[in-house]
Amino acid sequence: MAALTACGSKSNSGNATSDEILLWSQTTGPDAENAKKTFDAYNATDPKYKVKLVTMKKDTFNAKLATAGRSGKDVPDLAWVASEEVPTWQSQGLLNEWSNLDGSKVTEDAYVPSAWEAGQVDGKQYGVPGIMGTWVMYYNKDLVDKYVPGAMDDGIVSFDEIEKAGAAAKGDGIYSYANSWMFQNYDNLYLQMGGKWLGDSGKISVNNETSKKVFEEFAKLNKDGYMLPQGQDATKNFLNGKLIFMPEGTWSLSNVKKATFNWGETFVPQWDPSNIIQCSGADQFVIIRSKTERPKEKLDGMVDLMTWLQSNQLEMLKSGANPSSVAMLENEEYAKMPQAFLLKDEKARDAVNVIATPGLSYVNSEIDTRGWDMIQGKADITQTMNEIQQVAEQKTK
């Protein structure tokens with residue numbers, strides 16, 4: 001395998017020459033606990049380079065990674081980032097390419113195709129897939145049978161069925177839909193309605209009629225009283241039997257399991273059930289640029305870690321995620337998990353769309369901040385999307 005040469009001088013800084021692989025992660029809660037168990041298990045195999053996992057909140061993670069990456073000092077060896085963040089960090093010059101994979105088992109064939117491709121920028125591999133966290137939907141089977149019987153017979157719920165359920169349940173103080181994380185629902189519905197992330201110029205382009213249609217649909221659900229106001233306490237309302245359909249992350253599985261009623265997990269709501277589109281993330285392990293050149297042996301140790309993870313992701317999947325590696329798809333324990341349908345079912349696997357578009361992370365951040373104002377009529381949709389477009393363009397220059 002070819003050695004990876006880092007940029008900059010060989011001055012003593014950061015973690016580059018230490019005898020451990022320093023890994024920064026923005027996982028928290030049960031996800032962080034399961035990750036720690038996973039890397040503890042790897043360290044128990046007595047590798048030459050053991051992993052030191054450091055977890056922190058997302059805002060802290062982003063700030064520290066940006067500061068360390070730009071200076072090349074006090075950097076982690078690896079960072080565990082969301083798929084949509086890879087092109088952003090790469091464009092800022094913070095990442096080194098995984099250029100030492102030749103002859104290893106860390107190859108395209110070893111991973112779900114969309115997860116592997118999410119780690120690429122301009123045809124070069126800057127990320128190796130970790131696990132796949134997906135925005136899915138949990139639903140109350142008892143309430144579905146009561147208010148929209150048969151709606152889930154095909155495993156798919158349409159927005160028409162959400163509106164039908166809302167009309168039937170409204171009088172009982174029950175909501176049919178929750179919008180607890182704005183950009184996740186926006187991204188899915190935008191693509192389902194035929195939206196494209198890139199314009200003719202090849203750059204991010206969201207100030208269009210499709211975005212307007214998305215927020216008009218959300219505004220209608222809210223105005224009609226079918227949407228849980230402000231998306232607040234979605235999981236609490238779901239567990240209390242006050243919410244029929246709850247779009248949420250696969251990572252919410254541990255909370256949903258507390259339900260005392262019959263529940264299910266399926267695709268996000270679909271605009272056109274005959275053309276399923278299901279957004280997903282595929283976390284990536286990226287190499288952070290360091291002023292100190294990492295020894296070839298350490299880089300090979302990082303590849304060894306990625307190879308081991310291909311068959312040892314089970315503990316991390318218990319929080320609700322799906323594996324990125326093909327080797328895990330045949331694991332019997334994983335196959336019994338409720339989220340497994342996303343990769344085990346061919347129709348579902350073909351529908352998975354991993355978000356990794358350059359500039360989209362900036363759009364999504366603005367959508368989270370401004371979405372409810374558009375839904376509630378406090379801000380004009382077209383004007384707001386124009387402003388979001390301008391922010392994204394400024395930050396991707």
# chains A, B, ... in the order shown; residues from 1 in each chain; ligands from 1
$ closest_atom_pairs --of "range 26-141 of chain A" --to "range 146-157 of chain A" --cutoff "12 Å" --atoms "only C-alpha atoms" --output "JSON lines"
{"residue": "A:Val136", "atom": "CA", "partner": "A:Ile156", "partner_atom": "CA", "distance": 11.1}
{"residue": "A:Met137", "atom": "CA", "partner": "A:Val157", "partner_atom": "CA", "distance": 9.4}
{"residue": "A:Tyr138", "atom": "CA", "partner": "A:Val157", "partner_atom": "CA", "distance": 10.9}
{"residue": "A:Tyr139", "atom": "CA", "partner": "A:Met152", "partner_atom": "CA", "distance": 9.3}
{"residue": "A:Asn140", "atom": "CA", "partner": "A:Lys146", "partner_atom": "CA", "distance": 10.1}
{"residue": "A:Lys141", "atom": "CA", "partner": "A:Met152", "partner_atom": "CA", "distance": 8.5}
$ write_last_selection --atoms "C-alpha atoms" --output "tab-separated table (two decimals), in the first residue's frame"
chain	number	residue	atom	x	y	z
A	136	VAL	CA	-37.62	6.87	8.34
A	137	MET	CA	-41.11	6.84	9.80
A	138	TYR	CA	-42.58	5.12	12.83
A	139	TYR	CA	-46.32	4.61	12.98
A	140	ASN	CA	-48.95	3.57	15.49
A	141	LYS	CA	-50.58	0.46	14.03
$ closest_atom_pairs --of "range 143-258 of chain A" --to "range 18-38 of chain A" --cutoff "10 Å" --atoms "only C-alpha atoms" --output "Markdown table"
| residue | atom | partner | partner_atom | distance |
| --- | --- | --- | --- | --- |
| A:Trp251 | CA | A:Asp31 | CA | 7.6 |
| A:Ser252 | CA | A:Pro30 | CA | 9.7 |
| A:Ser254 | CA | A:Pro30 | CA | 8.2 |
$ residues_around --residues "Lys196 in chain A" --least-positions-apart "6" --cutoff "9 Å" --atoms "only C-alpha atoms" --output "compact mmCIF listing (two decimals) with C-alpha atoms, in the first residue's frame"
# COMPACT_ATOMS: atom_id res chain seq x y z
CA TYR A 190 -38.18 17.95 -2.33
CA ILE A 204 -26.63 24.16 -5.45
CA SER A 205 -30.01 25.56 -6.53
CA VAL A 206 -33.05 25.44 -4.24
CA THR A 210 -40.32 22.66 -5.99
$ closest_atom_pairs --of "range 279-373 of chain A" --to "range 168-185 of chain A" --cutoff "9 Å" --atoms "only C-alpha atoms" --output "tab-separated table"
residue	atom	partner	partner_atom	distance
A:Cys279	CA	A:Gln184	CA	8.0
A:Val363	CA	A:Phe183	CA	8.5
A:Asn364	CA	A:Phe183	CA	5.3
A:Ser365	CA	A:Phe183	CA	7.5
A:Glu366	CA	A:Phe183	CA	8.6
A:Ile367	CA	A:Phe183	CA	5.7
A:Asp368	CA	A:Met182	CA	5.2
A:Thr369	CA	A:Met182	CA	8.5
A:Gly371	CA	A:Met182	CA	6.4
A:Trp372	CA	A:Met182	CA	8.0
$ residues_around --residues "Gln376 in chain A" --least-positions-apart "3" --cutoff "10 Å" --atoms "only C-alpha atoms" --output "PDB file with C-alpha atoms, in the first residue's frame"
ATOM      1  CA  PHE A 215     -43.525  24.260   2.115  1.00  0.00           C
ATOM      2  CA  PHE A 218     -46.314  21.514   5.081  1.00  0.00           C
ATOM      3  CA  ALA A 219     -48.251  24.757   5.572  1.00  0.00           C
ATOM      4  CA  LYS A 220     -51.477  23.034   4.533  1.00  0.00           C
ATOM      5  CA  ASN A 222     -50.267  22.749   9.732  1.00  0.00           C
ATOM      6  CA  LYS A 223     -53.221  25.011   8.879  1.00  0.00           C
ATOM      7  CA  PRO A 229     -47.517  22.262  16.286  1.00  0.00           C
ATOM      8  CA  GLN A 230     -43.849  23.263  16.030  1.00  0.00           C
ATOM      9  CA  GLY A 371     -38.707  26.456   8.093  1.00  0.00           C
ATOM     10  CA  TRP A 372     -41.390  27.052  10.695  1.00  0.00           C
ATOM     11  CA  ASP A 373     -41.687  30.722   9.767  1.00  0.00           C
ATOM     12  CA  ALA A 379     -42.252  34.563   6.201  1.00  0.00           C
ATOM     13  CA  ASP A 380     -42.884  34.484   2.467  1.00  0.00           C
TER      14      ASP A 380
END
$ closest_atom_pairs --of "range 169-265 of chain A" --to "range 323-347 of chain A" --cutoff "12 Å" --atoms "only C-alpha atoms" --output "JSON lines"
{"residue": "A:Gly249", "atom": "CA", "partner": "A:Gln339", "partner_atom": "CA", "distance": 10.2}
{"residue": "A:Thr250", "atom": "CA", "partner": "A:Gln339", "partner_atom": "CA", "distance": 6.9}
{"residue": "A:Trp251", "atom": "CA", "partner": "A:Gln339", "partner_atom": "CA", "distance": 9.8}
{"residue": "A:Ser252", "atom": "CA", "partner": "A:Gln339", "partner_atom": "CA", "distance": 10.9}
{"residue": "A:Leu253", "atom": "CA", "partner": "A:Pro338", "partner_atom": "CA", "distance": 8.7}
{"residue": "A:Ser254", "atom": "CA", "partner": "A:Pro338", "partner_atom": "CA", "distance": 11.4}
{"residue": "A:Val256", "atom": "CA", "partner": "A:Pro338", "partner_atom": "CA", "distance": 11.1}
{"residue": "A:Lys257", "atom": "CA", "partner": "A:Pro338", "partner_atom": "CA", "distance": 10.4}
{"residue": "A:Trp263", "atom": "CA", "partner": "A:Pro338", "partner_atom": "CA", "distance": 10.4}
{"residue": "A:Gly264", "atom": "CA", "partner": "A:Pro338", "partner_atom": "CA", "distance": 7.9}
{"residue": "A:Glu265", "atom": "CA", "partner": "A:Pro338", "partner_atom": "CA", "distance": 6.5}
$ select_by_dssp --residues "range 299-383 of chain A" --states "strand (DSSP E or B)" --output "list in words"
Asn322, Pro323, Ser325, Val352, Asn353 and Val354 of chain A
$ select_by_dssp --residues "range 141-349 of chain A" --states "alpha helix (DSSP H)" --output "ChimeraX atom specification"
/A:141-147,159-169,182-192,209-223,234-239,253-256,296-309,314-317,332-335,341-344,346-349
$ closest_residue --among "A:Phe61, A:Trp89, A:Trp135, A:Trp80" --to "Tyr186 in chain A" --atoms "only C-alpha atoms"
A:Trp135
$ decode --residues "range 143-159 of chain A" --atoms "all heavy atoms" --output "PDB file, in the first residue's frame"
ATOM      1  N   LEU A 143     -53.694   3.088  15.737  1.00  0.00           N
ATOM      2  CA  LEU A 143     -54.338   4.304  15.247  1.00  0.00           C
ATOM      3  C   LEU A 143     -54.540   4.267  13.735  1.00  0.00           C
ATOM      4  O   LEU A 143     -55.524   4.808  13.221  1.00  0.00           O
ATOM      5  CB  LEU A 143     -53.528   5.533  15.647  1.00  0.00           C
ATOM      6  CG  LEU A 143     -53.444   5.842  17.142  1.00  0.00           C
ATOM      7  CD1 LEU A 143     -52.646   7.114  17.396  1.00  0.00           C
ATOM      8  CD2 LEU A 143     -54.839   5.960  17.762  1.00  0.00           C
ATOM      9  N   VAL A 144     -53.627   3.638  13.028  1.00  0.00           N
ATOM     10  CA  VAL A 144     -53.808   3.471  11.581  1.00  0.00           C
ATOM     11  C   VAL A 144     -55.061   2.649  11.314  1.00  0.00           C
ATOM     12  O   VAL A 144     -55.903   3.002  10.475  1.00  0.00           O
ATOM     13  CB  VAL A 144     -52.579   2.795  10.939  1.00  0.00           C
ATOM     14  CG1 VAL A 144     -52.895   2.361   9.495  1.00  0.00           C
ATOM     15  CG2 VAL A 144     -51.383   3.738  10.945  1.00  0.00           C
ATOM     16  N   ASP A 145     -55.226   1.537  12.052  1.00  0.00           N
ATOM     17  CA  ASP A 145     -56.403   0.683  11.870  1.00  0.00           C
ATOM     18  C   ASP A 145     -57.697   1.430  12.200  1.00  0.00           C
ATOM     19  O   ASP A 145     -58.749   1.171  11.596  1.00  0.00           O
ATOM     20  CB  ASP A 145     -56.289  -0.566  12.751  1.00  0.00           C
ATOM     21  CG  ASP A 145     -55.198  -1.522  12.278  1.00  0.00           C
ATOM     22  OD1 ASP A 145     -54.774  -1.391  11.123  1.00  0.00           O
ATOM     23  OD2 ASP A 145     -54.776  -2.390  13.074  1.00  0.00           O
ATOM     24  N   LYS A 146     -57.611   2.346  13.143  1.00  0.00           N
ATOM     25  CA  LYS A 146     -58.807   3.070  13.566  1.00  0.00           C
ATOM     26  C   LYS A 146     -59.190   4.181  12.599  1.00  0.00           C
ATOM     27  O   LYS A 146     -60.377   4.345  12.272  1.00  0.00           O
ATOM     28  CB  LYS A 146     -58.576   3.659  14.959  1.00  0.00           C
ATOM     29  CG  LYS A 146     -59.785   4.421  15.513  1.00  0.00           C
ATOM     30  CD  LYS A 146     -59.522   4.908  16.936  1.00  0.00           C
ATOM     31  CE  LYS A 146     -60.740   5.663  17.495  1.00  0.00           C
ATOM     32  NZ  LYS A 146     -60.501   6.111  18.894  1.00  0.00           N
ATOM     33  N   TYR A 147     -58.185   4.941  12.119  1.00  0.00           N
ATOM     34  CA  TYR A 147     -58.493   6.142  11.341  1.00  0.00           C
ATOM     35  C   TYR A 147     -58.272   6.004   9.828  1.00  0.00           C
ATOM     36  O   TYR A 147     -58.950   6.672   9.045  1.00  0.00           O
ATOM     37  CB  TYR A 147     -57.670   7.319  11.867  1.00  0.00           C
ATOM     38  CG  TYR A 147     -58.031   7.700  13.280  1.00  0.00           C
ATOM     39  CD1 TYR A 147     -57.139   7.503  14.337  1.00  0.00           C
ATOM     40  CD2 TYR A 147     -59.273   8.263  13.576  1.00  0.00           C
ATOM     41  CE1 TYR A 147     -57.464   7.856  15.634  1.00  0.00           C
ATOM     42  CE2 TYR A 147     -59.612   8.609  14.877  1.00  0.00           C
ATOM     43  CZ  TYR A 147     -58.711   8.402  15.901  1.00  0.00           C
ATOM     44  OH  TYR A 147     -59.048   8.744  17.197  1.00  0.00           O
ATOM     45  N   VAL A 148     -57.321   5.190   9.416  1.00  0.00           N
ATOM     46  CA  VAL A 148     -57.078   4.977   7.973  1.00  0.00           C
ATOM     47  C   VAL A 148     -56.797   3.495   7.718  1.00  0.00           C
ATOM     48  O   VAL A 148     -55.703   3.111   7.315  1.00  0.00           O
ATOM     49  CB  VAL A 148     -55.901   5.829   7.445  1.00  0.00           C
ATOM     50  CG1 VAL A 148     -56.342   7.213   7.063  1.00  0.00           C
ATOM     51  CG2 VAL A 148     -54.744   5.867   8.435  1.00  0.00           C
ATOM     52  N   PRO A 149     -57.777   2.640   7.981  1.00  0.00           N
ATOM     53  CA  PRO A 149     -57.556   1.197   7.821  1.00  0.00           C
ATOM     54  C   PRO A 149     -57.087   0.852   6.411  1.00  0.00           C
ATOM     55  O   PRO A 149     -57.600   1.386   5.428  1.00  0.00           O
ATOM     56  CB  PRO A 149     -58.938   0.605   8.116  1.00  0.00           C
ATOM     57  CG  PRO A 149     -59.906   1.731   7.960  1.00  0.00           C
ATOM     58  CD  PRO A 149     -59.168   2.955   8.355  1.00  0.00           C
ATOM     59  N   GLY A 150     -56.053   0.007   6.372  1.00  0.00           N
ATOM     60  CA  GLY A 150     -55.507  -0.436   5.096  1.00  0.00           C
ATOM     61  C   GLY A 150     -54.419   0.453   4.536  1.00  0.00           C
ATOM     62  O   GLY A 150     -53.761   0.092   3.545  1.00  0.00           O
ATOM     63  N   ALA A 151     -54.198   1.614   5.136  1.00  0.00           N
ATOM     64  CA  ALA A 151     -53.219   2.562   4.587  1.00  0.00           C
ATOM     65  C   ALA A 151     -51.806   1.984   4.553  1.00  0.00           C
ATOM     66  O   ALA A 151     -51.013   2.319   3.661  1.00  0.00           O
ATOM     67  CB  ALA A 151     -53.226   3.853   5.394  1.00  0.00           C
ATOM     68  N   MET A 152     -51.488   1.110   5.502  1.00  0.00           N
ATOM     69  CA  MET A 152     -50.131   0.570   5.558  1.00  0.00           C
ATOM     70  C   MET A 152     -50.024  -0.832   4.987  1.00  0.00           C
ATOM     71  O   MET A 152     -48.992  -1.492   5.152  1.00  0.00           O
ATOM     72  CB  MET A 152     -49.627   0.584   7.005  1.00  0.00           C
ATOM     73  CG  MET A 152     -49.437   1.975   7.602  1.00  0.00           C
ATOM     74  SD  MET A 152     -48.358   3.042   6.611  1.00  0.00           S
ATOM     75  CE  MET A 152     -46.889   2.060   6.482  1.00  0.00           C
ATOM     76  N   ASP A 153     -51.038  -1.281   4.282  1.00  0.00           N
ATOM     77  CA  ASP A 153     -50.993  -2.637   3.712  1.00  0.00           C
ATOM     78  C   ASP A 153     -49.834  -2.800   2.729  1.00  0.00           C
ATOM     79  O   ASP A 153     -49.273  -3.896   2.596  1.00  0.00           O
ATOM     80  CB  ASP A 153     -52.309  -2.965   3.011  1.00  0.00           C
ATOM     81  CG  ASP A 153     -53.459  -3.199   3.992  1.00  0.00           C
ATOM     82  OD1 ASP A 153     -53.181  -3.238   5.211  1.00  0.00           O
ATOM     83  OD2 ASP A 153     -54.611  -3.331   3.540  1.00  0.00           O
ATOM     84  N   ASP A 154     -49.489  -1.719   2.032  1.00  0.00           N
ATOM     85  CA  ASP A 154     -48.374  -1.781   1.078  1.00  0.00           C
ATOM     86  C   ASP A 154     -47.059  -1.311   1.686  1.00  0.00           C
ATOM     87  O   ASP A 154     -46.037  -1.210   1.000  1.00  0.00           O
ATOM     88  CB  ASP A 154     -48.697  -0.940  -0.164  1.00  0.00           C
ATOM     89  CG  ASP A 154     -48.974   0.531   0.161  1.00  0.00           C
ATOM     90  OD1 ASP A 154     -48.986   0.880   1.359  1.00  0.00           O
ATOM     91  OD2 ASP A 154     -49.181   1.318  -0.778  1.00  0.00           O
ATOM     92  N   GLY A 155     -47.073  -1.001   2.991  1.00  0.00           N
ATOM     93  CA  GLY A 155     -45.856  -0.552   3.657  1.00  0.00           C
ATOM     94  C   GLY A 155     -45.482   0.877   3.361  1.00  0.00           C
ATOM     95  O   GLY A 155     -44.400   1.338   3.739  1.00  0.00           O
ATOM     96  N   ILE A 156     -46.349   1.604   2.687  1.00  0.00           N
ATOM     97  CA  ILE A 156     -46.062   2.981   2.289  1.00  0.00           C
ATOM     98  C   ILE A 156     -47.244   3.860   2.661  1.00  0.00           C
ATOM     99  O   ILE A 156     -48.399   3.486   2.451  1.00  0.00           O
ATOM    100  CB  ILE A 156     -45.837   3.087   0.762  1.00  0.00           C
ATOM    101  CG1 ILE A 156     -44.699   2.164   0.324  1.00  0.00           C
ATOM    102  CG2 ILE A 156     -45.535   4.529   0.353  1.00  0.00           C
ATOM    103  CD1 ILE A 156     -44.618   1.983  -1.179  1.00  0.00           C
ATOM    104  N   VAL A 157     -46.969   5.041   3.201  1.00  0.00           N
ATOM    105  CA  VAL A 157     -48.038   5.993   3.452  1.00  0.00           C
ATOM    106  C   VAL A 157     -47.813   7.218   2.565  1.00  0.00           C
ATOM    107  O   VAL A 157     -46.688   7.706   2.431  1.00  0.00           O
ATOM    108  CB  VAL A 157     -48.121   6.416   4.937  1.00  0.00           C
ATOM    109  CG1 VAL A 157     -46.880   7.191   5.361  1.00  0.00           C
ATOM    110  CG2 VAL A 157     -49.368   7.236   5.197  1.00  0.00           C
ATOM    111  N   SER A 158     -48.857   7.666   1.910  1.00  0.00           N
ATOM    112  CA  SER A 158     -48.772   8.846   1.054  1.00  0.00           C
ATOM    113  C   SER A 158     -49.206  10.076   1.831  1.00  0.00           C
ATOM    114  O   SER A 158     -49.823   9.981   2.893  1.00  0.00           O
ATOM    115  CB  SER A 158     -49.659   8.666  -0.181  1.00  0.00           C
ATOM    116  OG  SER A 158     -51.029   8.663   0.213  1.00  0.00           O
ATOM    117  N   PHE A 159     -48.908  11.244   1.286  1.00  0.00           N
ATOM    118  CA  PHE A 159     -49.365  12.475   1.924  1.00  0.00           C
ATOM    119  C   PHE A 159     -50.885  12.586   1.854  1.00  0.00           C
ATOM    120  O   PHE A 159     -51.510  13.176   2.742  1.00  0.00           O
ATOM    121  CB  PHE A 159     -48.681  13.688   1.303  1.00  0.00           C
ATOM    122  CG  PHE A 159     -47.312  13.935   1.861  1.00  0.00           C
ATOM    123  CD1 PHE A 159     -46.196  13.292   1.328  1.00  0.00           C
ATOM    124  CD2 PHE A 159     -47.129  14.777   2.951  1.00  0.00           C
ATOM    125  CE1 PHE A 159     -44.935  13.499   1.866  1.00  0.00           C
ATOM    126  CE2 PHE A 159     -45.874  14.992   3.493  1.00  0.00           C
ATOM    127  CZ  PHE A 159     -44.769  14.349   2.947  1.00  0.00           C
TER     128      PHE A 159
END
